[in-house]
>>> print(open('query-v7.cif').read())   # mmCIF, C-alpha atoms and all ligand atoms
data_query
loop_
_atom_site.label_atom_id
_atom_site.label_comp_id
_atom_site.auth_asym_id
_atom_site.auth_seq_id
_atom_site.Cartn_x
_atom_site.Cartn_y
_atom_site.Cartn_z
CA MET A 1 -23.93 -24.74 23.57
CA VAL A 2 -21.54 -21.84 23.38
CA ARG A 3 -20.16 -20.74 20.02
CA ASN A 4 -18.41 -17.86 18.32
CA PRO A 5 -20.14 -15.18 16.20
CA LYS A 6 -20.67 -15.82 12.49
CA GLY A 7 -17.80 -14.90 10.18
CA MET A 8 -15.29 -14.93 13.05
CA ARG A 9 -13.16 -17.91 13.92
CA ASP A 10 -10.71 -19.46 16.31
CA ILE A 11 -7.24 -20.23 15.03
CA LEU A 12 -5.77 -23.32 16.62
CA PRO A 13 -2.45 -25.16 16.59
CA PRO A 14 -0.85 -26.29 14.34
CA GLU A 15 -2.36 -23.55 12.10
CA THR A 16 -1.18 -20.88 14.54
CA LEU A 17 2.41 -21.90 13.84
CA LYS A 18 1.87 -20.96 10.19
CA TRP A 19 0.45 -17.60 11.28
CA ARG A 20 3.42 -16.87 13.52
CA ARG A 21 5.92 -17.74 10.79
CA LEU A 22 4.04 -15.72 8.21
CA GLU A 23 3.81 -12.66 10.46
CA ILE A 24 7.52 -12.81 11.25
CA LEU A 25 8.38 -13.07 7.56
CA LEU A 26 6.14 -10.12 6.70
CA SER A 27 7.49 -7.88 9.43
CA LYS A 28 11.04 -8.82 8.48
CA VAL A 29 10.53 -7.72 4.89
CA ALA A 30 9.01 -4.45 6.10
CA LEU A 31 12.09 -3.87 8.31
CA LEU A 32 14.38 -4.48 5.31
CA TYR A 33 12.70 -1.53 3.59
CA GLY A 34 12.97 0.69 6.65
CA TYR A 35 9.39 0.43 7.97
CA GLY A 36 8.78 0.65 11.72
CA GLU A 37 5.80 -1.00 13.41
CA ILE A 38 2.73 0.95 14.51
CA ARG A 39 -0.07 -0.41 16.70
CA THR A 40 -3.31 1.55 16.74
CA PRO A 41 -6.48 0.82 18.76
CA ILE A 42 -9.09 -1.61 17.47
CA LEU A 43 -11.75 1.06 18.13
CA GLU A 44 -11.82 4.48 16.48
CA PHE A 45 -14.44 7.19 16.15
CA SER A 46 -16.76 6.00 13.42
CA ASP A 47 -16.51 9.29 11.54
CA LEU A 48 -12.84 8.67 10.82
CA PHE A 49 -13.87 5.87 8.46
CA ARG A 50 -17.00 7.56 7.07
CA LYS A 51 -14.93 10.55 6.05
CA GLY A 52 -11.82 8.74 4.83
CA LEU A 53 -13.34 5.77 3.01
CA GLY A 54 -16.31 7.82 1.76
CA ASP A 55 -19.81 7.56 3.20
CA GLN A 56 -20.99 5.96 -0.06
CA SER A 57 -18.42 3.14 0.19
CA ASP A 58 -19.86 -0.32 0.91
CA VAL A 59 -17.77 -0.55 4.06
CA ALA A 60 -19.07 2.71 5.54
CA LEU A 61 -22.62 2.21 4.27
CA LYS A 62 -23.29 -1.30 5.48
CA GLU A 63 -20.32 -3.15 6.90
CA MET A 64 -19.08 -1.29 9.97
CA TYR A 65 -19.59 -2.65 13.45
CA GLU A 66 -20.63 0.50 15.28
CA PHE A 67 -21.97 1.29 18.70
CA VAL A 68 -22.73 4.30 20.86
CA ASP A 69 -20.50 4.45 23.91
CA LYS A 70 -21.87 5.43 27.32
CA ASN A 71 -20.79 9.02 26.75
CA ASP A 72 -22.55 9.12 23.34
CA ASP A 73 -19.41 8.76 21.24
CA VAL A 74 -20.06 6.70 18.11
CA LEU A 75 -17.26 4.16 17.87
CA ALA A 76 -16.44 1.55 15.25
CA LEU A 77 -14.36 -1.61 15.14
CA ARG A 78 -11.74 -0.72 12.55
CA PRO A 79 -12.62 -2.07 9.09
CA GLU A 80 -9.16 -1.24 7.70
CA GLY A 81 -5.81 0.22 8.74
CA THR A 82 -5.04 3.23 6.53
CA ALA A 83 -7.44 5.67 8.19
CA PRO A 84 -6.21 4.91 11.76
CA VAL A 85 -2.55 5.16 10.69
CA ALA A 86 -3.20 8.52 8.97
CA ARG A 87 -5.00 9.67 12.14
CA ALA A 88 -2.01 8.65 14.30
CA PHE A 89 0.41 10.28 11.82
CA ILE A 90 -1.38 13.61 12.32
CA GLN A 91 -2.04 13.27 16.04
CA HIS A 92 1.60 12.54 16.88
CA HIS A 93 3.01 15.16 14.47
CA LEU A 94 4.98 12.48 12.66
CA TYR A 95 5.02 14.85 9.67
CA ASP A 96 7.96 16.66 11.29
CA SER A 97 10.04 14.08 9.41
CA PRO A 98 10.01 14.29 5.58
CA MET A 99 9.52 10.52 5.13
CA VAL A 100 7.66 8.25 7.52
CA LYS A 101 7.31 4.49 6.96
CA LEU A 102 4.97 2.43 9.13
CA PHE A 103 3.72 -1.17 9.07
CA TYR A 104 0.92 -2.90 10.97
CA ASP A 105 -0.53 -6.33 11.42
CA GLY A 106 -3.81 -7.07 13.13
CA PRO A 107 -7.53 -7.83 13.08
CA MET A 108 -10.03 -5.79 11.02
CA PHE A 109 -13.81 -6.09 11.06
CA ARG A 110 -16.38 -5.85 8.27
CA ARG A 111 -19.93 -7.13 8.52
CA GLU A 112 -19.90 -8.80 5.12
CA ARG A 113 -21.88 -11.88 4.10
CA PRO A 114 -19.54 -14.69 5.23
CA GLN A 115 -18.34 -16.91 2.35
CA ALA A 116 -15.07 -18.39 1.15
CA GLY A 117 -12.33 -15.79 1.62
CA ARG A 118 -14.70 -13.29 3.26
CA TYR A 119 -14.79 -13.07 7.03
CA ARG A 120 -16.24 -10.59 9.48
CA GLN A 121 -13.07 -10.62 11.52
CA PHE A 122 -10.02 -10.97 9.31
CA HIS A 123 -6.37 -9.95 9.53
CA GLN A 124 -4.37 -7.50 7.49
CA PHE A 125 -0.67 -6.87 7.24
CA GLY A 126 -0.14 -3.42 5.74
CA VAL A 127 2.41 -0.68 5.19
CA GLU A 128 1.91 3.07 4.80
CA CYS A 129 4.56 5.55 3.65
CA PHE A 130 3.96 9.29 4.11
CA GLY A 131 5.71 12.31 2.64
CA ILE A 132 6.84 11.20 -0.80
CA GLU A 133 5.24 12.45 -3.98
CA GLU A 134 7.79 10.92 -6.37
CA PRO A 135 6.89 7.62 -8.08
CA PHE A 136 10.08 6.10 -6.60
CA VAL A 137 8.09 5.20 -3.50
CA ASP A 138 5.38 3.51 -5.56
CA VAL A 139 8.11 1.41 -7.18
CA GLU A 140 9.77 0.58 -3.87
CA ILE A 141 6.45 -0.54 -2.38
CA LEU A 142 5.80 -2.79 -5.36
CA LEU A 143 9.29 -4.27 -4.94
CA LEU A 144 8.48 -4.94 -1.29
CA VAL A 145 5.26 -6.71 -2.30
CA LYS A 146 7.09 -8.75 -4.91
CA ARG A 147 9.74 -9.77 -2.37
CA ILE A 148 7.06 -11.02 0.05
CA PHE A 149 5.40 -13.21 -2.54
CA SER A 150 8.65 -14.53 -3.96
CA LEU A 151 9.90 -15.47 -0.46
CA LEU A 152 6.63 -17.33 0.02
CA GLY A 153 6.92 -18.98 -3.38
CA SER A 154 3.46 -17.68 -4.22
CA PRO A 155 2.91 -16.46 -7.81
CA LEU A 156 1.30 -13.04 -7.57
CA THR A 157 -0.23 -11.16 -10.49
CA LEU A 158 -0.29 -7.44 -9.80
CA HIS A 159 -2.83 -5.23 -11.55
CA ILE A 160 -2.17 -1.51 -11.67
CA ASN A 161 -4.02 1.63 -12.68
CA SER A 162 -3.96 5.38 -12.09
CA LEU A 163 -7.09 7.09 -10.80
CA GLY A 164 -5.77 10.58 -11.51
CA CYS A 165 -6.01 13.50 -9.11
CA ASN A 166 -8.58 16.07 -8.01
CA GLU A 167 -7.93 17.97 -11.20
CA CYS A 168 -8.30 15.26 -13.83
CA ARG A 169 -10.49 12.68 -12.11
CA PRO A 170 -13.69 14.83 -12.06
CA ARG A 171 -13.43 15.23 -15.85
CA TYR A 172 -13.19 11.46 -16.20
CA MET A 173 -16.07 10.85 -13.78
CA ASP A 174 -18.30 13.22 -15.77
CA ALA A 175 -17.47 11.48 -19.04
CA LEU A 176 -18.09 8.08 -17.42
CA ARG A 177 -21.42 9.25 -15.96
CA ARG A 178 -22.59 10.45 -19.37
CA PHE A 179 -21.50 7.19 -20.96
CA ILE A 180 -23.28 5.07 -18.31
CA ALA A 181 -26.49 7.14 -18.51
CA ASP A 182 -26.60 6.41 -22.26
CA ARG A 183 -26.00 2.70 -21.87
CA ILE A 184 -27.77 1.53 -18.72
CA PRO A 185 -31.56 1.69 -18.24
CA GLU A 186 -32.91 3.81 -15.44
CA ASP A 187 -33.20 1.80 -12.24
CA GLU A 188 -31.73 1.65 -8.79
CA GLU A 189 -28.38 0.59 -10.14
CA LEU A 190 -28.15 3.58 -12.42
CA ASP A 191 -28.71 5.73 -9.36
CA ARG A 192 -25.77 4.07 -7.63
CA PHE A 193 -23.56 4.53 -10.70
CA MET A 194 -24.54 8.19 -10.97
CA LYS A 195 -23.33 8.73 -7.39
CA ASN A 196 -20.06 6.93 -8.06
CA PRO A 197 -19.56 5.90 -11.69
CA LEU A 198 -16.40 3.89 -10.80
CA LYS A 199 -18.78 1.36 -9.21
CA LEU A 200 -19.55 0.20 -12.74
CA PHE A 201 -16.22 -1.61 -12.73
CA ASP A 202 -17.13 -3.58 -9.59
CA SER A 203 -20.45 -4.66 -11.07
CA LYS A 204 -20.90 -8.43 -11.21
CA ASN A 205 -23.96 -8.08 -13.48
CA PRO A 206 -23.12 -9.95 -16.72
CA GLU A 207 -25.15 -7.41 -18.70
CA HIS A 208 -22.60 -4.78 -17.74
CA SER A 209 -19.53 -6.56 -19.03
CA ILE A 210 -19.73 -5.06 -22.53
CA VAL A 211 -20.55 -1.65 -21.09
CA LYS A 212 -17.46 -1.96 -18.89
CA SER A 213 -15.17 -2.89 -21.74
CA GLU A 214 -16.44 -0.06 -23.93
CA ALA A 215 -16.40 2.59 -21.19
CA PRO A 216 -13.95 5.52 -21.53
CA LYS A 217 -10.55 4.81 -19.98
CA ILE A 218 -9.08 6.94 -17.21
CA THR A 219 -5.67 6.91 -18.91
CA SER A 220 -6.95 9.16 -21.70
CA PHE A 221 -8.07 11.73 -19.12
CA LEU A 222 -4.96 12.01 -16.92
CA CYS A 223 -3.49 15.51 -16.53
CA ASP A 224 0.19 16.03 -17.45
CA ASP A 225 1.46 15.54 -13.87
CA CYS A 226 -0.52 12.34 -13.31
CA LYS A 227 0.54 11.04 -16.70
CA GLU A 228 4.19 11.69 -15.94
CA HIS A 229 3.87 10.02 -12.54
CA TYR A 230 2.28 6.95 -14.09
CA GLU A 231 4.73 6.73 -16.98
CA THR A 232 7.81 7.10 -14.76
CA LEU A 233 6.43 4.42 -12.46
CA MET A 234 5.76 2.03 -15.33
CA ASP A 235 9.16 2.70 -16.90
CA PHE A 236 11.04 2.08 -13.64
CA ALA A 237 8.91 -0.95 -12.89
CA SER A 238 9.68 -2.58 -16.21
CA LYS A 239 13.42 -1.90 -15.85
CA LEU A 240 13.31 -3.57 -12.44
CA ASN A 241 11.40 -6.56 -13.85
CA LEU A 242 8.26 -5.88 -11.87
CA ASP A 243 5.65 -7.62 -13.92
CA LEU A 244 2.59 -5.36 -13.80
CA VAL A 245 -0.70 -5.81 -15.61
CA GLU A 246 -2.21 -2.48 -16.66
CA ASP A 247 -5.88 -2.64 -15.75
CA ASN A 248 -8.00 0.41 -16.52
CA GLU A 249 -11.00 -1.17 -14.81
CA LEU A 250 -9.27 -1.24 -11.44
CA ALA A 251 -11.10 1.30 -9.28
CA ARG A 252 -10.73 0.17 -5.58
CA GLY A 253 -13.54 0.77 -3.14
CA PHE A 254 -12.52 3.79 -1.07
CA ASP A 255 -12.71 7.53 -1.77
CA TYR A 256 -9.25 8.33 -0.42
CA TYR A 257 -7.34 6.93 -3.40
CA THR A 258 -5.54 9.16 -5.91
CA ARG A 259 -3.19 8.28 -8.77
CA THR A 260 -1.60 4.81 -8.38
CA VAL A 261 -3.84 1.94 -7.30
CA PHE A 262 -3.06 -1.77 -7.41
CA GLU A 263 -4.45 -5.17 -6.51
CA GLY A 264 -2.85 -8.61 -6.50
CA TYR A 265 -4.21 -12.07 -7.21
CA VAL A 266 -2.72 -15.50 -6.67
CA GLY A 267 -3.44 -18.17 -9.30
CA ASP A 268 -6.88 -17.88 -10.83
CA ASP A 269 -8.53 -16.76 -7.59
CA SER A 270 -10.92 -13.90 -8.32
CA LEU A 271 -10.62 -12.43 -4.81
CA ALA A 272 -7.71 -10.03 -4.36
CA VAL A 273 -5.16 -11.07 -1.75
CA ILE A 274 -3.69 -7.56 -1.62
CA GLY A 275 -4.94 -4.06 -2.35
CA GLY A 276 -3.36 -0.64 -2.12
CA GLY A 277 -2.56 2.70 -3.63
CA ARG A 278 -1.87 6.38 -3.11
CA TYR A 279 -3.97 8.67 -0.96
CA ASP A 280 -2.30 12.01 -1.54
CA HIS A 281 -4.91 14.18 0.19
CA LEU A 282 -6.18 12.00 3.04
CA VAL A 283 -3.93 13.62 5.64
CA ALA A 284 -5.05 17.12 4.59
CA TYR A 285 -8.67 15.97 4.50
CA TYR A 286 -8.35 14.92 8.15
CA GLY A 287 -7.04 18.38 9.04
CA GLY A 288 -3.31 17.64 8.84
CA PRO A 289 -0.81 19.19 6.42
CA ASP A 290 -1.10 18.34 2.72
CA ILE A 291 1.21 15.32 2.78
CA PRO A 292 0.93 12.44 0.32
CA GLY A 293 0.75 8.79 1.31
CA ILE A 294 0.81 5.35 -0.24
CA GLY A 295 0.42 1.84 1.09
CA PHE A 296 -1.18 -1.55 0.79
CA ALA A 297 -2.74 -4.28 2.90
CA ILE A 298 -2.58 -8.04 2.46
CA GLY A 299 -5.45 -10.20 3.72
CA LEU A 300 -3.73 -12.88 5.79
CA GLU A 301 -6.56 -15.44 5.67
CA ARG A 302 -6.61 -15.19 1.88
CA LEU A 303 -2.84 -15.34 1.67
CA LEU A 304 -2.65 -18.40 3.91
CA THR A 305 -5.07 -20.41 1.78
CA THR A 306 -2.59 -20.07 -1.11
CA LEU A 307 0.37 -21.43 0.89
CA ASP A 308 1.45 -24.95 1.80
CA GLU A 309 4.68 -24.45 3.67
CA ILE A 310 6.03 -21.23 5.13
CA PRO A 311 9.80 -20.94 5.37
CA LYS A 312 11.28 -20.32 8.82
CA VAL A 313 12.87 -16.87 9.22
CA ASP A 314 15.18 -14.99 11.55
CA SER A 315 13.31 -11.89 12.46
CA GLU A 316 15.68 -8.97 11.91
CA PRO A 317 18.08 -7.64 9.27
CA THR A 318 21.75 -8.07 10.21
CA LYS A 319 22.42 -4.36 9.60
CA THR A 320 20.61 -1.36 8.12
CA TYR A 321 22.16 1.20 5.74
CA PHE A 322 20.90 4.50 4.46
CA LEU A 323 21.61 4.51 0.72
CA ALA A 324 22.05 7.96 -0.86
CA THR A 325 22.74 8.91 -4.47
CA THR A 326 24.54 11.83 -6.13
CA GLY A 327 21.41 12.55 -8.19
CA ASN A 328 18.24 11.21 -9.78
CA ASP A 329 20.13 9.50 -12.63
CA MET A 330 21.69 7.19 -10.04
CA VAL A 331 18.38 6.05 -8.54
CA MET A 332 18.04 2.99 -10.74
CA ALA A 333 21.58 1.84 -9.83
CA ALA A 334 20.79 2.46 -6.14
CA PHE A 335 17.54 0.48 -6.38
CA THR A 336 19.42 -2.46 -7.87
CA LEU A 337 22.04 -2.40 -5.10
CA ALA A 338 19.34 -1.97 -2.43
CA GLU A 339 17.48 -5.04 -3.67
CA LEU A 340 20.70 -7.07 -3.64
CA LEU A 341 21.46 -6.01 -0.08
CA ARG A 342 17.93 -6.86 1.07
CA SER A 343 18.25 -10.29 -0.54
CA ASN A 344 21.29 -10.70 1.72
CA ASN A 345 19.36 -9.76 4.84
CA ILE A 346 20.72 -6.20 4.98
CA GLY A 347 18.17 -3.42 5.50
CA VAL A 348 18.18 -0.35 3.24
CA ILE A 349 16.46 3.00 3.62
CA MET A 350 16.56 5.55 0.81
CA ASP A 351 15.34 9.12 0.65
CA LEU A 352 12.66 8.48 -1.93
CA ARG A 353 12.26 12.18 -2.67
CA GLN A 354 15.85 11.99 -3.95
CA GLY A 355 17.24 15.37 -5.06
CA LYS A 356 20.61 16.70 -3.81
CA LEU A 357 23.00 14.47 -1.87
CA GLN A 358 23.17 16.96 1.03
CA LYS A 359 19.38 16.81 1.44
CA GLN A 360 19.49 13.03 1.55
CA LEU A 361 22.29 13.01 4.14
CA LYS A 362 20.25 15.37 6.28
CA LEU A 363 17.44 12.83 6.32
CA ALA A 364 19.89 10.07 7.31
CA ASP A 365 20.98 12.30 10.19
CA LYS A 366 17.40 12.97 11.22
CA MET A 367 16.65 9.25 11.16
CA GLU A 368 19.78 8.69 13.27
CA ILE A 369 21.28 6.21 10.82
CA GLU A 370 25.02 6.07 11.22
CA ASN A 371 26.00 3.93 8.22
CA VAL A 372 25.45 5.62 4.88
CA LEU A 373 26.25 4.30 1.43
CA ILE A 374 26.63 6.72 -1.48
CA MET A 375 26.07 5.69 -5.08
CA GLY A 376 27.63 8.05 -7.64
CA GLU A 377 28.65 7.71 -11.27
CA GLU A 378 32.22 6.57 -10.50
CA GLU A 379 30.98 4.04 -7.96
CA TYR A 380 28.41 2.73 -10.42
CA LYS A 381 31.02 2.31 -13.18
CA ASN A 382 33.47 0.52 -10.89
CA ASN A 383 30.99 -1.65 -8.94
CA THR A 384 32.01 0.14 -5.78
CA VAL A 385 30.17 2.27 -3.27
CA THR A 386 31.22 5.04 -0.89
CA VAL A 387 30.71 4.21 2.78
CA ARG A 388 30.27 7.17 5.10
CA ASN A 389 30.14 7.18 8.85
CA MET A 390 27.72 9.96 9.77
CA LYS A 391 29.17 10.38 13.24
CA THR A 392 32.81 10.88 12.24
CA GLY A 393 32.26 12.05 8.64
CA GLU A 394 34.85 9.47 7.50
CA GLN A 395 34.38 8.17 3.96
CA MET A 396 35.83 5.22 2.08
CA VAL A 397 35.27 3.70 -1.36
CA ILE A 398 34.87 -0.09 -1.20
CA PRO A 399 33.68 -2.83 -3.58
CA GLN A 400 29.89 -3.40 -3.48
CA GLU A 401 30.69 -7.05 -2.95
CA ALA A 402 32.26 -6.21 0.44
CA VAL A 403 29.06 -4.51 1.64
CA ILE A 404 26.89 -7.35 0.37
CA ASN A 405 29.01 -9.88 2.22
CA GLY A 406 28.65 -7.86 5.40
P1 LIG B 1 -8.87 -3.58 0.91
O1 LIG B 1 -8.70 -3.92 -0.54
O2 LIG B 1 -10.22 -3.23 1.38
O3 LIG B 1 -7.86 -2.39 1.18
O4 LIG B 1 -8.33 -4.78 1.79
C1 LIG B 1 -7.04 -5.32 1.60
C2 LIG B 1 -7.09 -6.83 1.64
O5 LIG B 1 -7.72 -7.26 2.86
C3 LIG B 1 -7.93 -7.48 0.55
O6 LIG B 1 -7.20 -7.60 -0.65
C4 LIG B 1 -8.23 -8.82 1.17
O7 LIG B 1 -7.16 -9.72 1.00
C5 LIG B 1 -8.37 -8.51 2.64
N1 LIG B 1 -9.81 -8.43 3.02
C6 LIG B 1 -10.64 -7.38 2.89
N2 LIG B 1 -11.87 -7.70 3.34
C7 LIG B 1 -11.81 -8.97 3.77
C8 LIG B 1 -12.74 -9.88 4.38
N3 LIG B 1 -13.99 -9.53 4.64
N4 LIG B 1 -12.32 -11.13 4.68
C9 LIG B 1 -11.04 -11.52 4.44
N5 LIG B 1 -10.11 -10.71 3.89
C10 LIG B 1 -10.48 -9.45 3.56
C11 LIG B 1 -7.68 -1.80 2.40
O8 LIG B 1 -8.14 -2.21 3.42
C12 LIG B 1 -6.75 -0.61 2.34
N6 LIG B 1 -6.65 -0.03 3.69
C13 LIG B 1 -5.39 -1.00 1.79
C14 LIG B 1 -4.46 0.16 1.70
C15 LIG B 1 -3.43 0.44 2.54
N7 LIG B 1 -4.51 1.12 0.80
C16 LIG B 1 -3.54 2.01 1.05
N8 LIG B 1 -2.89 1.61 2.11
#
>>> encode(input="query-v7.cif", output="structure tokens")
Amino acid sequence: MVRNPKGMRDILPPETLKWRRLEILLSKVALLYGYGEIRTPILEFSDLFRKGLGDQSDVALKEMYEFVDKNDDVLALRPEGTAPVARAFIQHHLYDSPMVKLFYDGPMFRRERPQAGRYRQFHQFGVECFGIEEPFVDVEILLLVKRIFSLLGSPLTLHINSLGCNECRPRYMDALRRFIADRIPEDEELDRFMKNPLKLFDSKNPEHSIVKSEAPKITSFLCDDCKEHYETLMDFASKLNLDLVEDNELARGFDYYTRTVFEGYVGDDSLAVIGGGRYDHLVAYYGGPDIPGIGFAIGLERLLTTLDEIPKVDSEPTKTYFLATTGNDMVMAAFTLAELLRSNNIGVIMDLRQGKLQKQLKLADKMEIENVLIMGEEEYKNNTVTVRNMKTGEQMVIPQEAVING
């Protein structure tokens, strides 16, 4: 009898209809936030993942499907999407633009022990945004995630943490190592924790649960810049009603992460349906310019098990605006308007670096977006917004209501 390999499965009708609807809904939300689709090969050079994820990560150590090609190249079936997207970002010089937003949707491969929610071929929908250091992009990405789950009617609990940067994280890792060495007897596991002390937080060993809860917290080790980034993010997030659970034990499994990391759970499921975070030095590490990045990936198999019905969707926004502000104190007002527009099927792209209006308009020009909205203090006070046609330079103040209603 013929059969498929373990941990991989066929998807048949009517289940495939759910997949199609879900993928359309996901890509539509990404378009509303100004993400464009990228498709990378299923195969990459194996080293791309060893380097990016860390050769001590479980995925690189034991879960990659690798083979030697006829010309001796060592290739791997991609276990995740961030490394290939960063590779493409560098290879195609996409960094010529100050902000690049990409989404993807496709199969990934990890040779894990198959069990509920864990497959060897599974599917991820993910987004990656390059170029923005400001925490505004972290907030926007979390809003995007929240929108997906609220459209699906799926209650998501998002856990968040900061892993610090190359300056403050080593200090934390040293303190954690010393703490673990005092508390855990010498054995193989201690060895593993000494290599990467953050692994303590992934430990399923019940004897470690007290050690975990008493371990030093990263938040007390963050440098001033990382602290400010985290605090601004949390402040913005709470003003925008993003319900986040601060979780100092959240470590994520890959080496590329810096600062913000997050994971999401539906109901009381202990397997994360979504994982993501910042990787501010991955592009430089691969030999590109030092450009920050942030993104997430949702596991579609895991997501689908939490859903009964998936609403039907039209696949594209009716229109897309570039929304600029007269300064950083208008960002919150702009975020609120942007979310309202997106709820009305209108796409919005913002320059998440913010700064001067002229700089933002330059980006709109570069992205070839003709319709620009400007949010200033007067507009905010009067519930209006300035509409600017980038081609003609014509400007007009109109009620926000008029833009929302198309
Ligand atoms: P990850 O946490 O390894 O992150 O995977 C993201 C999601 O993929 C998980 O939350 C889970 O839903 C799903 N997933 C992972 N492994 C399996 C499996 N064996 N079977 C079924 N589903 C699975 C990443 O992959 C990062 N690249 C996410 C990211 C993007 N970080 C920044 N940008």
>>> atom_distance(input="query-v7.cif", atom1="CA of Val74 in chain A", atom2="CA of His92 in chain A")
22.5 Å
>>> closest_atom_pairs(input="query-v7.cif", of="chain A", to="ligand LIG 1 (chain B)", cutoff="7 Å", atoms="all atoms listed in the file", output="Markdown table")
| residue | atom | partner | partner_atom | distance |
| --- | --- | --- | --- | --- |
| A:Glu80 | CA | B:LIG1 | O8 | 4.5 |
| A:Gly81 | CA | B:LIG1 | N6 | 5.1 |
| A:Thr82 | CA | B:LIG1 | N6 | 4.6 |
| A:Arg110 | CA | B:LIG1 | N3 | 5.7 |
| A:Glu112 | CA | B:LIG1 | N3 | 6.0 |
| A:Gly117 | CA | B:LIG1 | C9 | 5.3 |
| A:Arg118 | CA | B:LIG1 | N4 | 3.5 |
| A:Tyr119 | CA | B:LIG1 | N4 | 3.9 |
| A:Arg120 | CA | B:LIG1 | N3 | 5.4 |
| A:Gln121 | CA | B:LIG1 | N4 | 6.9 |
| A:Phe122 | CA | B:LIG1 | C9 | 5.0 |
| A:His123 | CA | B:LIG1 | N5 | 6.8 |
| A:Gln124 | CA | B:LIG1 | O5 | 5.7 |
| A:Gly126 | CA | B:LIG1 | C15 | 6.0 |
| A:Val127 | CA | B:LIG1 | C15 | 6.5 |
| A:Glu128 | CA | B:LIG1 | N8 | 5.7 |
| A:Arg252 | CA | B:LIG1 | O1 | 6.8 |
| A:Gly253 | CA | B:LIG1 | O2 | 6.9 |
| A:Glu263 | CA | B:LIG1 | O6 | 6.9 |
| A:Ala272 | CA | B:LIG1 | O6 | 4.5 |
| A:Val273 | CA | B:LIG1 | O7 | 3.7 |
| A:Ile274 | CA | B:LIG1 | O6 | 3.6 |
| A:Gly275 | CA | B:LIG1 | O1 | 4.2 |
| A:Gly276 | CA | B:LIG1 | N7 | 3.6 |
| A:Gly277 | CA | B:LIG1 | C16 | 4.8 |
| A:Arg278 | CA | B:LIG1 | C16 | 6.3 |
| A:Tyr279 | CA | B:LIG1 | C16 | 7.0 |
| A:Ile294 | CA | B:LIG1 | C16 | 5.6 |
| A:Gly295 | CA | B:LIG1 | N8 | 3.5 |
| A:Phe296 | CA | B:LIG1 | C15 | 3.5 |
| A:Ala297 | CA | B:LIG1 | C13 | 4.4 |
| A:Ile298 | CA | B:LIG1 | C2 | 4.7 |
| A:Gly299 | CA | B:LIG1 | O7 | 3.2 |
| A:Leu300 | CA | B:LIG1 | O7 | 6.7 |
| A:Glu301 | CA | B:LIG1 | C9 | 6.1 |
| A:Arg302 | CA | B:LIG1 | O7 | 5.6 |
>>> residues_around(input="query-v7.cif", residues="Ser315 in chain A", least_positions_apart="3", cutoff="8 Å", atoms="all atoms listed in the file", output="VMD selection string")
chain A and resid 24 to 25 27 to 28
>>> residues_around(input="query-v7.cif", residues="range 46-48 of chain A", least_positions_apart="6", cutoff="9 Å", atoms="only C-alpha atoms", output="list in words")
Ala60, Met64, Glu66, Phe67, Asp73, Val74, Leu75, Ala76, Leu77, Arg78, Ala83, Pro84, Arg87 and Tyr286 of chain A
>>> residues_around(input="query-v7.cif", residues="Gly164 in chain A", least_positions_apart="4", cutoff="10 Å", atoms="all atoms listed in the file", output="list in words")
Cys168, Arg169, Pro170, Arg171, Tyr172, Ile218, Thr219, Phe221, Leu222, Cys223, Asp225, Cys226, Lys227, His229, Tyr230, Tyr257, Thr258, Arg259, Thr260 and Val261 of chain A
